[in-house]
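Some notes on the structure that comes next.
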Protein chains: 4
Amino acid sequence: MLKQKTSEYRGYRTAGIRLNEEMLPHLAQLYGERTKPMQAAMHAFDKAHTVMLVEEGLLKPEHGAAILKGMRTLEGEGEAATRARVGGGLHSGEQYLIRLLGEEVAGRFHLARSSGDLSAVGINWLQREKLLMVMRGVNAMRRVLLDLVPQTLDAIMPGYSFGQHAQPLTLAHLYLSWVATLERDFDRLQGCYRRINVSAAGAAIMVGSDFIVNRARTAALLGFDAVHENCADGILELNADDSLDVPSVLAVLYHSMAKWGDDLMQWTTSEYHFVDIPDRYCSTSSIMMQKRNVIGPAEIKGASAEALGCFVTSYHVLKGPTGLPITERYYALEMLWRVADNCARDLGWFCELLPALVIRRQHMLEMAWKHWATVTDLAGALVREKDLPWRTAHQIVGVMIRLCEERGLGPADVTPAILDEAAMLYHEQPAGLSQATIDAMRDPVRFIAVRTVQGGPAAPESLRQARLFGEHLARDEAVVGGMERRLADAAQALEAAVDAVIARGAAGD
Amino acid sequence: MLKQKTSEYRGYRTAGIRLNEEMLPHLAQLYGERTKPMQAAMHAFDKAHTVMLVEEGLLKPEHGAAILKGMRTLEGEGEAATRARVGGGLHSGEQYLIRLLGEEVAGRFHLARSSGDLSAVGINWLQREKLLMVMRGVNAMRRVLLDLVPQTLDAIMPGYSFGQHAQPLTLAHLYLSWVATLERDFDRLQGCYRRINVSAAGAAIMVGSDFIVNRARTAALLGFDAVHENCADGILELNADDSLDVPSVLAVLYHSMAKWGDDLMQWTTSEYHFVDIPDRYCSTSSIMMQKRNVIGPAEIKGASAEALGCFVTSYHVLKGPTGLPITERYYALEMLWRVADNCARDLGWFCELLPALVIRRQHMLEMAWKHWATVTDLAGALVREKDLPWRTAHQIVGVMIRLCEERGLGPADVTPAILDEAAMLYHEQPAGLSQATIDAMRDPVRFIAVRTVQGGPAAPESLRQARLFGEHLARDEAVVGGMERRLADAAQALEAAVDAVIARGAAGD
Amino acid sequence: MLKQKTSEYRGYRTAGIRLNEEMLPHLAQLYGERTKPMQAAMHAFDKAHTVMLVEEGLLKPEHGAAILKGMRTLEGEGEAATRARVGGGLHSGEQYLIRLLGEEVAGRFHLARSSGDLSAVGINWLQREKLLMVMRGVNAMRRVLLDLVPQTLDAIMPGYSFGQHAQPLTLAHLYLSWVATLERDFDRLQGCYRRINVSAAGAAIMVGSDFIVNRARTAALLGFDAVHENCADGILELNADDSLDVPSVLAVLYHSMAKWGDDLMQWTTSEYHFVDIPDRYCSTSSIMMQKRNVIGPAEIKGASAEALGCFVTSYHVLKGPTGLPITERYYALEMLWRVADNCARDLGWFCELLPALVIRRQHMLEMAWKHWATVTDLAGALVREKDLPWRTAHQIVGVMIRLCEERGLGPADVTPAILDEAAMLYHEQPAGLSQATIDAMRDPVRFIAVRTVQGGPAAPESLRQARLFGEHLARDEAVVGGMERRLADAAQALEAAVDAVIARGAAGD
Amino acid sequence: MLKQKTSEYRGYRTAGIRLNEEMLPHLAQLYGERTKPMQAAMHAFDKAHTVMLVEEGLLKPEHGAAILKGMRTLEGEGEAATRARVGGGLHSGEQYLIRLLGEEVAGRFHLARSSGDLSAVGINWLQREKLLMVMRGVNAMRRVLLDLVPQTLDAIMPGYSFGQHAQPLTLAHLYLSWVATLERDFDRLQGCYRRINVSAAGAAIMVGSDFIVNRARTAALLGFDAVHENCADGILELNADDSLDVPSVLAVLYHSMAKWGDDLMQWTTSEYHFVDIPDRYCSTSSIMMQKRNVIGPAEIKGASAEALGCFVTSYHVLKGPTGLPITERYYALEMLWRVADNCARDLGWFCELLPALVIRRQHMLEMAWKHWATVTDLAGALVREKDLPWRTAHQIVGVMIRLCEERGLGPADVTPAILDEAAMLYHEQPAGLSQATIDAMRDPVRFIAVRTVQGGPAAPESLRQARLFGEHLARDEAVVGGMERRLADAAQALEAAVDAVIARGAAGD
């Protein structure tokens with residue numbers, strides 16, 4: 001008899017049924033490893049599917065009840081560990097139950113499913129879990145940044161472009177720009193969640209089954225917001241975009257995080273020295289005892305590179321005709337779970353690290369003018385006071401800076417005379433600004449204060465932005481709350497439905 | 001006098017002003033090449049900014065009128081070609097006008113702007129233009145596919161997983177799955193458009209200016225839906241996510257397109273031979289005169305690889321502290337414009353090619369069962385007629401197929417006897433199905449017809465999906481229509497505002 | 001007293017020495033994990049460095065002897081496990097010995113080293129180990145392929161270009177082309193080994209030390225073929241090319257392996273069906289019991305995608321000014337170790353799988369002409385027998401194939417009449433070939449046999465290639481043997497030198 | 001008559017021969033564009049192949065002479081432009097000659113070739129040309145760097161690790177490390193050239209022809225160093241590694257170049273300010289007239305990102321079964337030609353830029369100690385003078401730096417007292433060093449001078465390295481010289497052979 005002994009049941013792929021040889025152990029082991037993170041999803045799917053089969057009359061209530069009681073037994077033994085021990089990959093539930101109840105009962109609930117929808121459900125379940133985790137992290141970081149705005153409105157520092165001193169800004173202004181980026185990241189993550197939190201359950205391998213299941217019911221019990229309206233579309237093994245969406249969105253988010261990590265590392269160098277980072281984020285050297293190596297932000301940068309690697313691996317691994325690359329995709333997925341976990345980790349680090357930075361305000365303020373970053377406004381004064389065209393003013397001040405450089409003079413050394421000299425050289429007319437104006441124009445505090453334009457760094461305008469971004473954040477926190485609530489409700493509904501089937505079975509219904 | 005002769009004005013970066021040497025010609029030339037695609041945006045920005053300056057009292061009406069009349073003169077000479085000829089990169093407008101009107105007038109309208117917001121406006125302008133073009137292409141392809149559904153409902157073919165015959169489906173079913181993917185692509189593109197169609201105008205280099213411009217007004221005249229609320233965020237040179245969003249979304253779309261290209265190429269091989277592709281998409285060989293090489297879909301696959309390369313290049317090139325990589329980004333942008341253009345090209349090719357395919361229905365139908373793709377339903381019959389557990393039925397049929405293979409029998413050779421033999425081997429009981437049932441279960445037409453489950457390939461269910469997807473398409477076509485209308489309205493508003501300023505200047509206001 | 005209790009020594013980076021806080025535990029843990037694979041190298045380096053210090057008079061013999069005896073004690077406890085338990089990352093040896101011998105003795109042997117050269121030695125040690133493993137695998141696969149040549153000389157099959165039937169070839173011919181690729185891979189790997197097997201030991205952090213160590217001696221004891229002649233160059237943390245060389249070479253190799261995996265998967269499809277793959281490499285489906293999913297080659301393809309991801313991650317993570325990205329690189333290195341291990345695994349699979357393939361010769365032979373793959377030689381006959389220009393012959397046969405297609409005729413149906421008809425249509429002269437010639441030209445066996453040109457698939461020429469490639473293989477096997485011998489000799493020399501120092505210490509030298 | 005009118009000949013792929021429709025014009029145009037860079041190779045191949053055919057008796061001397069005279073006519077009209085005008089892609093020679101001489105003569109010389117070996121020859125021809133160009137550039141940069149060594153031996157500056165001040169080095173020392181990297185790049189390029197400069201000519205599409213050509217002769221006339229011993233291996237359309245080798249090697253080289261670009265940009269910032277870069281490499285801003293934006297090195301960094309994109313695109317585009325991706329590869333090749341040209345451009349820029357840098361020696365020297373970079377040697381002094389274990393000395397100095405930091409003291413403020421205080425805190429014993437020793441240990445000039453260890457930055461040791469690297473450079477310059485000579489010789493031999501055939505044809509041989 002080819003049928004296996006119940007107590008030693010090893011699944012449907014054994015030598016002597018369809019195939020002549022057992023699978024190579026290392027291939028089987030790879031498969032087992034990969035399906036581990038999906039066991040929680042498989043457990044819920046096993047239960048929801050069984051409930052639905054009973055409700056639709058595709059499984060007798062007594063069978064359903066026995067199966068679901070078996071699932072509860074499994075839970076009692078510790079669901080994750082037991083499923084991993086039992087083996088069978090995505091089919092660990094069936095494998096456990098056949099050993100427990102025999103094929104006659106437990107062989108009945110895989111009806112109208114396939115590994116295709118199992119893995120699609122498992123992957124989307126994990127993808128939404130990771131997305132939620134990252135969305136929470138993004139919102140937490142937005143909150144931390146917004147909380148830092150009031151206390152950094154006067155932390156004036158040079159802004160850079162091309163790596164050169166451009167114009168002064170404030171740390172608050174910069175933090176607000178980070179918040180703006182994170183708002184877009186949230187938008188991307190949310191769009192992704194909306195596209196991903198869709199159920200393939202019942203799509204079987206791509207055309208569904210001739211046992212007419214209720215896909216909407218299973219989807220609802222699993223917390224999915226919708227059902228793939230086309231079964232071929234639902235099978236992730238056929239469709240690639242759903243497997244690229246999360247990697248791409250995480251990669252984009254991680255790029256910004258790495259950039260901020262680069263900023264932090266730059267600010268802690270001896271050369272910039274805008275902030276001190278707490279020693280707990282630092283290592284030192286086994287020979288250079290003066291070293292205070294900034295490790296935390298470097299980890300973020302490293303993880304960002306893996307996020308790019310994950311997108312590339314995903315893109316490449318999925319290339320090929322529809323339905324060809326299936327096993328292959330797990331090389332990308334393992335990377336994806338790691339990238340998502342690192343992303344949540346690193347958002348958490350920012351939340352802890354940013355408030356702990358020691359800001360060296362005095363040095364930052366000096367740097368905000370000592371390399372000419374405020375000098376644009378000297379040209380502005382020529383426009384305002386002397387009605388010069390902007391371009392004329394710009395060129396005159398450009399000449400003046402060259403003269404200063406040639407003579408070893410810095411911004412503090414500018415006089416009406418040298419400005420006039422430059423103006424004469426440029427168009428044979430003096431500039432005519434007073435020393436008082438020149439000095440005022442050099443002051444970075446003034447420079448910031450007058451930039452009240454929409455989006456500018458003046459304190460009231462920064463606070464306006466912070467309020468607006470705070471409203472957006474509240475809205476997005478509510479979005480995440482709603483998602484979490486819907487998942488919790490579905491989990492509860494599933495348990496209630498399981499109870500009902502078990503009760504119905506007990507009642508001999 | 002350092003001031004340049006008006007008629008020979010060469011821009012603000014000449015030797016003797018700020019710097020001592022002229023820029024290396026090849027560096028200057030690279031810059032000129034890169035800014036070419038942005039000249040249309042620069043032209044609109046120059047006009048909108050001038051209008052706004054006059055409206056806000058930052059530029060005298062007579063100056064504004066002269067400048068805007070000069071812009072009209074420029075248009076008369078052919079805007080793109082003239083700007084390219086004049087040089088000056090993003091500042092070609094100023095360069096043209098200073099030659100025309102002198103610095104005294106034309107040197108006035110660059111007030112409160114910088115290359116930072118110029119390039120941000122130019123890039124976002126181009127990005128939205130490309131996105132719109134691609135969204136139109138995506139919708140056109142959805143339309144073509146939906147139109148093909150009714151005539152391919154009975155084009156039954158094998159579906160594949162792991163490259164093996166899985167179960168039958170129809171071409172209509174597959175096309176509907178493509179539509180489902182394209183719906184998500186549209187969603188991604190639209191989200192991207194929403195995040196991208198935002199104005200940095202007036203953000204200058206990252207902190208705005210002390211000349212308090214009306215950023216909302218400029219944005220509206222340029223067709224942007226919103227203003228970057230934080231000036232540092234607006235400067236694309238500081239922010240990376242806005243430069244990764246479009247590349248990532250296009251790469252994901254292109255991946256699916258390449259997969260369909262792979263499908264088409266596979267279907268045209270001698271081995272599959274499901275379709276014939278028109279000769280106009282094919283080349284032949286200089287020695288192997290039998291060859292009919294399928295070129296069109298291969299181009300799509302090639303372009304998809306560049307889309308991945310573009311994302312990687314963008315991600316890598318933007319790495320570094322805030323404000324460092326600026327010049328560098330153009331290496332990615334040039335790739336991006338090319339990828340977007342190819343994407344629209346290739347969506348167009350699908351629209352032309354798909355209806356022109358000659359479908360070899362008879363061959364496809366035969367293939368849909370000759371390699372056992374319908375045999376799952378034989379196990380289903382055992383469940384339905386004999387109340388066997390699914391797993392038991394599955395294993396029995398598995399044994400039966402092995403026996404058939406060993407004896408050189410195919411699906412058409414299955415008899416009750418061999419099925420019984422397999423059942424006996426499995427659990428020492430015969431299966432008991434009739435030849436009629438066995439034959440019925442083998443029929444792919446029946447196989448498809450009974451799959452009326454939500455998402456299944458049965459004709460009525462496919463038509464339901466087509467109707468639903470048609471509604472989504474109509475909605476998304478309206479979205480694109482709305483975007484186009486808003487842009488057209490803004491363009492009209494800009495011309496009207498230019499007219500008004502010119503009139504006001506003429507009136508000596 | 002800030003000095004730690006010997007028995008509880010936790011390394012040099014503790015709160016209260018240079019820094020005020022302990023490192024965050026999760027940061028410390030990440031570091032510990034990453035240095036695990038390098039412990040074997042660290043152990044050898046610790047010993048070789050100590051030996052050299054004693055030899056150079058930089059460490060007293062009694063101290064050296066105590067330290068090296070301590071190392072032997074460590075070995076007795078199980079080197080890898082003990083080092084992992086003790087902690088301290090790259091400095092686990094010092095950490096263990098200070099606990100064992102106290103700082104007074106064990107604090108002496110880190111002289112003139114730094115984490116910089118430690119990690120450079122550790123990484124290069126691992127890189128060479130992985131390269132050697134892969135070179136062995138490449139040679140084993142070459143051997144397997146060459147062994148298969150004699151038995152596949154007559155396994156005639158269609159060759160493809162653009163996915164279309166091009167011309168017949170043999171499996172032997174194709175396998176020889178794989179060998180040719182693997183020869184180049186070996187060349188790349190060997191070049192890489194030559195560049196990588198270089199010692200940074202004693203380069204400290206980038207400038208060496210003022211304690212003048214003998215870098216050549218340490219390098220020799222560690223089996224390195226050379227010393228980095230410039231200390232800054234030796235520190236991998238500063239130099240990027242040494243960290244990209246191995247990933248790039250492995251990625252290129254993996255690309256070919258994936259391509260062969262794709263070939264194998266294609267050949268096993270129902271459509272091509274050139275080979276049967278043993279069931280142990282296959283899985284089946286939980287519902288589609290007919291499935292024989294080919295898993296083994298799919299794993300290779302998946303791993304190849306990670307090899308690309310690894311190169312991209314390495315390239316990206318190392319971007320930045322000299323000496324900046326250090327911690328970050330470990331995200332790439334962890335991927336690299338995995339990719340290298342998978343590569344050796346997959347080369348091994350090829351070695352086992354290829355001889356186990358069941359080749360369906362008859363089917364392959366038929367396919368080699370049934371889709372016109374031999375028809376080029378019909379044109380050749382026109383050239384040879386009728387002195388037609390090639391291009392004329394080519395066009396005539398092209399017309400003939402079109403006529404055949406239009407009339408539903410295949411290669412077996414070609415007659416002198418239809419060829420003449422085509423020739424008349426082309427240039428108003430008949431072709432004049434006999435049926436015998438036509439039939440002969442169609443025969444793939446003849447087609448192969450006449451291709452005796454250098455590089456052709458005729459059996460004698462294939463055997464010539466096999467002999468030549470066999471000579472190359474023997475040469476390269478000797479290369480690997482030489483590398484292994486040099487490493488074994490160095491390991492032996494190191495133990496002898498350790499013995500000598502211990503003896504000298506005992507002698508009170 | 002289907003045969004085309006000679007004067008209007010449009011090639012072998014016209015409607016009515018094999019296929020029913022003309023190719024879509026845009027597809028044909030893409031093909032034309034892509035083959036443009038290969039026309040020089042095609043021209044040589046056309047001539048060499050014709051010569052060989054005559055020599056082997058496969059083409060009559062009078063035909064050969066007519067064809068080769070036709071080629072000379074073509075040359076007279078301007079080879080590149082004429083071939084581009086004539087069209088026909090790789091077959092432009094045939095197309096031109098058929099128009100000139102008629103199919104009866106010019107239709108004869110494509111015998112035993114195919115687009116397969118044409119494109120393989122064309123691609124390898126271009127690859128070797130680009131490799132040679134880059135090898136020349138690499139050697140030129142090595143020369144420039146070695147020339148700079150003597151004058152930068154005393155340009156002492158801080159070395160960095162983790163972005164922190166590590167230990168002093170010299171610009172010469174750093175330049176020597178760049179040379180060491182470039183040596184490995186040369187080794188990679190040379191290995192690549194050796195693998196690439198191999199001829200597929202005569203391999204036809206993958207099995208050669210039944211016209212037994214002399215492949216070695218054609219290869220020699222084309223300057224190839226070897227012949228692909230297996231025809232399938234020779235066809236690049238089948239083999240992927242030859243198409244990944246050059247992209248990978250260029251990407252690795254470009255990574256280092258970008259890193260040096262990053263270094264240069266960092267050194268020019270206001271914060272580091274180690275060098276001044278000539279103004280001709282800089283731009284300024286349209287509003288921030290103080291800006292001196294460093295453009296040149298930024299271009300290098302941008303081009304490096306495209307080099308990564310090129311490798312990724314190449315890797316991805318070539319994925320698929322043997323012989324499938326052919327058209328697709330051109331998307332990668334176009335990128336490759338651009339990357340190679342940029343690489344030569346950027347090596348040239350380094351050669352011009354590096355000698356033009358203004359080095360701010362005094363500032364660099366101060367920075368080399370002011371942030372404690374020399375303090376390791378203070379611990380060294382404790383080891384040397386007080387026989388302290390290294391670890392003990394390291395910890396004491398670590399404590400001392402913490403004390404200094406807490407008290408606002410810098411390296412210049414260290415006294416015996418504070419060092420003793422630290423030592424007491426550490427192990428309750430004073431350190432006992434004199435102020436003189438402390439001061440000496442701080443001096444970066446001494447720090448460099450004592451590092452005479454192999455690979456160290458002391459002047460004599462740097463000069464030793466420079467001599468050694470100079471010898472390597474001379475060797476590699478000779479390598480390039482040899483390559484160039486062999487190519488020149490082959491070109492001459494080809495012309496001589498053409499002359500001989502023409503003469504033979506004239507002689508009526």
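In the structure tokens, each chain is lettered A, B, ... as it comes, each chain's residues begin at 1, and ligands are numbered from 1 in order of appearance.
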Per DSSP on the backbone, filter segment 150-287 of chain A down to the residues in helix (DSSP H, G or I) and report them as a PyMOL selection string.
chain A and resi 150-152+171-196+215-221+231-234+241-267+279-281
With C-alpha atoms kept, could you save the residues just selected as a short mmCIF file (atom, residue, chain, number, x, y, z; two decimals), in the first residue's frame?
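File produced: result.cif:
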data_model
loop_
_atom_site.label_atom_id
_atom_site.label_comp_id
_atom_site.auth_asym_id
_atom_site.auth_seq_id
_atom_site.Cartn_x
_atom_site.Cartn_y
_atom_site.Cartn_z
CA PRO A 150 10.64 74.58 18.38
CA GLN A 151 13.99 74.04 20.05
CA THR A 152 16.03 74.25 16.85
CA LEU A 171 18.25 72.90 11.93
CA ALA A 172 14.48 73.27 12.30
CA HIS A 173 14.23 74.17 8.63
CA LEU A 174 16.23 71.12 7.66
CA TYR A 175 14.26 68.86 9.99
CA LEU A 176 11.05 70.15 8.41
CA SER A 177 12.40 69.17 5.01
CA TRP A 178 13.02 65.69 6.37
CA VAL A 179 9.43 65.58 7.57
CA ALA A 180 8.26 66.59 4.09
CA THR A 181 10.20 63.70 2.61
CA LEU A 182 8.81 61.29 5.20
CA GLU A 183 5.29 62.47 4.33
CA ARG A 184 5.90 61.36 0.77
CA ASP A 185 7.38 58.11 2.02
CA PHE A 186 4.23 57.52 4.01
CA ASP A 187 2.17 58.23 0.92
CA ARG A 188 4.20 55.69 -1.03
CA LEU A 189 3.97 53.11 1.76
CA GLN A 190 0.24 53.61 2.09
CA GLY A 191 -0.31 53.26 -1.66
CA CYS A 192 1.74 50.11 -1.55
CA TYR A 193 -0.25 48.74 1.39
CA ARG A 194 -3.46 49.43 -0.50
CA ARG A 195 -2.21 47.53 -3.54
CA ILE A 196 -0.70 44.70 -1.49
CA ARG A 215 -13.15 34.13 -1.85
CA ALA A 216 -14.53 37.30 -0.32
CA ARG A 217 -15.30 35.49 2.93
CA THR A 218 -11.82 34.03 3.27
CA ALA A 219 -10.28 37.40 2.44
CA ALA A 220 -12.35 39.13 5.11
CA LEU A 221 -11.39 36.56 7.75
CA CYS A 231 -7.13 34.70 -10.27
CA ALA A 232 -4.10 34.78 -12.54
CA ASP A 233 -3.35 38.26 -11.24
CA GLY A 234 -3.57 37.02 -7.68
CA ASP A 241 4.77 44.10 -9.87
CA ASP A 242 3.42 43.14 -6.45
CA SER A 243 6.86 41.76 -5.64
CA LEU A 244 8.66 44.91 -6.71
CA ASP A 245 6.38 47.45 -5.10
CA VAL A 246 7.54 46.98 -1.50
CA PRO A 247 11.25 46.68 -2.35
CA SER A 248 11.09 49.87 -4.41
CA VAL A 249 9.27 51.86 -1.77
CA LEU A 250 11.60 50.70 0.99
CA ALA A 251 14.65 51.45 -1.15
CA VAL A 252 13.48 55.01 -1.77
CA LEU A 253 12.83 55.53 1.94
CA TYR A 254 16.19 54.06 2.86
CA HIS A 255 17.97 56.36 0.44
CA SER A 256 16.79 59.39 2.35
CA MET A 257 17.63 57.76 5.68
CA ALA A 258 21.15 57.07 4.45
CA LYS A 259 21.50 60.67 3.31
CA TRP A 260 20.56 61.86 6.79
CA GLY A 261 23.04 59.34 8.17
CA ASP A 262 25.67 60.90 5.92
CA ASP A 263 24.70 64.33 7.20
CA LEU A 264 25.06 63.22 10.80
CA MET A 265 28.43 61.68 10.13
CA GLN A 266 29.59 64.84 8.40
CA TRP A 267 28.37 67.01 11.25
CA ASP A 279 29.34 57.93 23.01
CA ARG A 280 26.98 54.94 23.06
CA TYR A 281 26.73 55.26 19.27
#
As a ChimeraX atom specification, please: the residues near segment 352-366 of chain B (cut-off 8 Å, only C-alpha atoms, same-chain neighbours under 3 positions excluded).
/B:144-145,148,155-158,273-278,348-349,369-370,444
For chain D, report every residue with an atom at most 9 Å from chain A (counting only C-alpha atoms), formatted as a ChimeraX atom specification.
/D:161-167,265-266,268-272,286-295,298,312,315-316,319-320,371-376,379,390-391,394-395,397-399,401-402
Could you check how far atom CA of Val383 of chain D sits from atom CA of Val227 of chain C, in Å to one decimal?
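Between atom CA of Val383 of chain D and atom CA of Val227 of chain C the gap works out to 26.5 Å.
Every protein, DNA or RNA residue with an atom at most 6 Å from segment 335-344 of chain B, where only C-alpha atoms count and chain neighbours fewer than 2 positions away do not, is listed here: Val134, Gly137, Ala307, Cys310, Ala332, Leu333, Asp346 and Leu347 of chain B.
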Please identify which residues in segment 89-166 of chain A DSSP calls strand (DSSP E) from the backbone, and express them as number ranges by chain.
A: 156-161, 164-166
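The space separating atom CA of Val138 of chain D from atom CA of Ser304 of chain D comes to 15.3 Å.
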Write out as a tab-separated table (two decimals) with C-alpha atoms, in the first residue's frame which residues come within 6 Å of Arg99 of chain C when counting only C-alpha atoms, dropping same-chain ones fewer than 3 positions away.
chain	number	residue	atom	x	y	z
C	6	THR	CA	41.68	40.41	34.51
C	7	SER	CA	39.15	37.63	34.79
C	9	TYR	CA	38.25	41.71	30.87
C	96	TYR	CA	40.97	35.61	25.72
C	102	GLY	CA	46.68	39.28	32.40
Shell of 9 Å around Ser209 of chain B, only C-alpha atoms, local chain residues under 2 positions omitted, as a PyMOL selection string:
(chain A and resi 377+450-453+456) or (chain B and resi 111-113+202-205+207+211-213)
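Between atom CA of Ala140 of chain B and atom CA of Val198 of chain B there is a distance of 26.1 Å.
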List the spatial neighbours of His427 of chain B as a ChimeraX atom specification - criterion: any atom at most 10 Å away, only C-alpha atoms, same-chain residues fewer than 3 positions off excluded.
/A:1-4 /B:392,395-396,422-424,430-431
Counting only C-alpha atoms, which residue out of A:Glu22, A:Asp420, A:Glu328, A:Asp387 sits closest to Glu299 of chain C?
A:Glu328
Using only C-alpha atoms, which protein or nucleic acid residues come within 9 Å of Leu473 of chain D? Drop anything in the same chain fewer than 2 positions from it, and give the result as a list in words.
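Residues meeting the cut-off are Asn139, Arg142, Arg143, Glu183, Leu468, Phe469, Gly470, Glu471, Arg475, Asp476, Glu477 and Ala478 of chain D.
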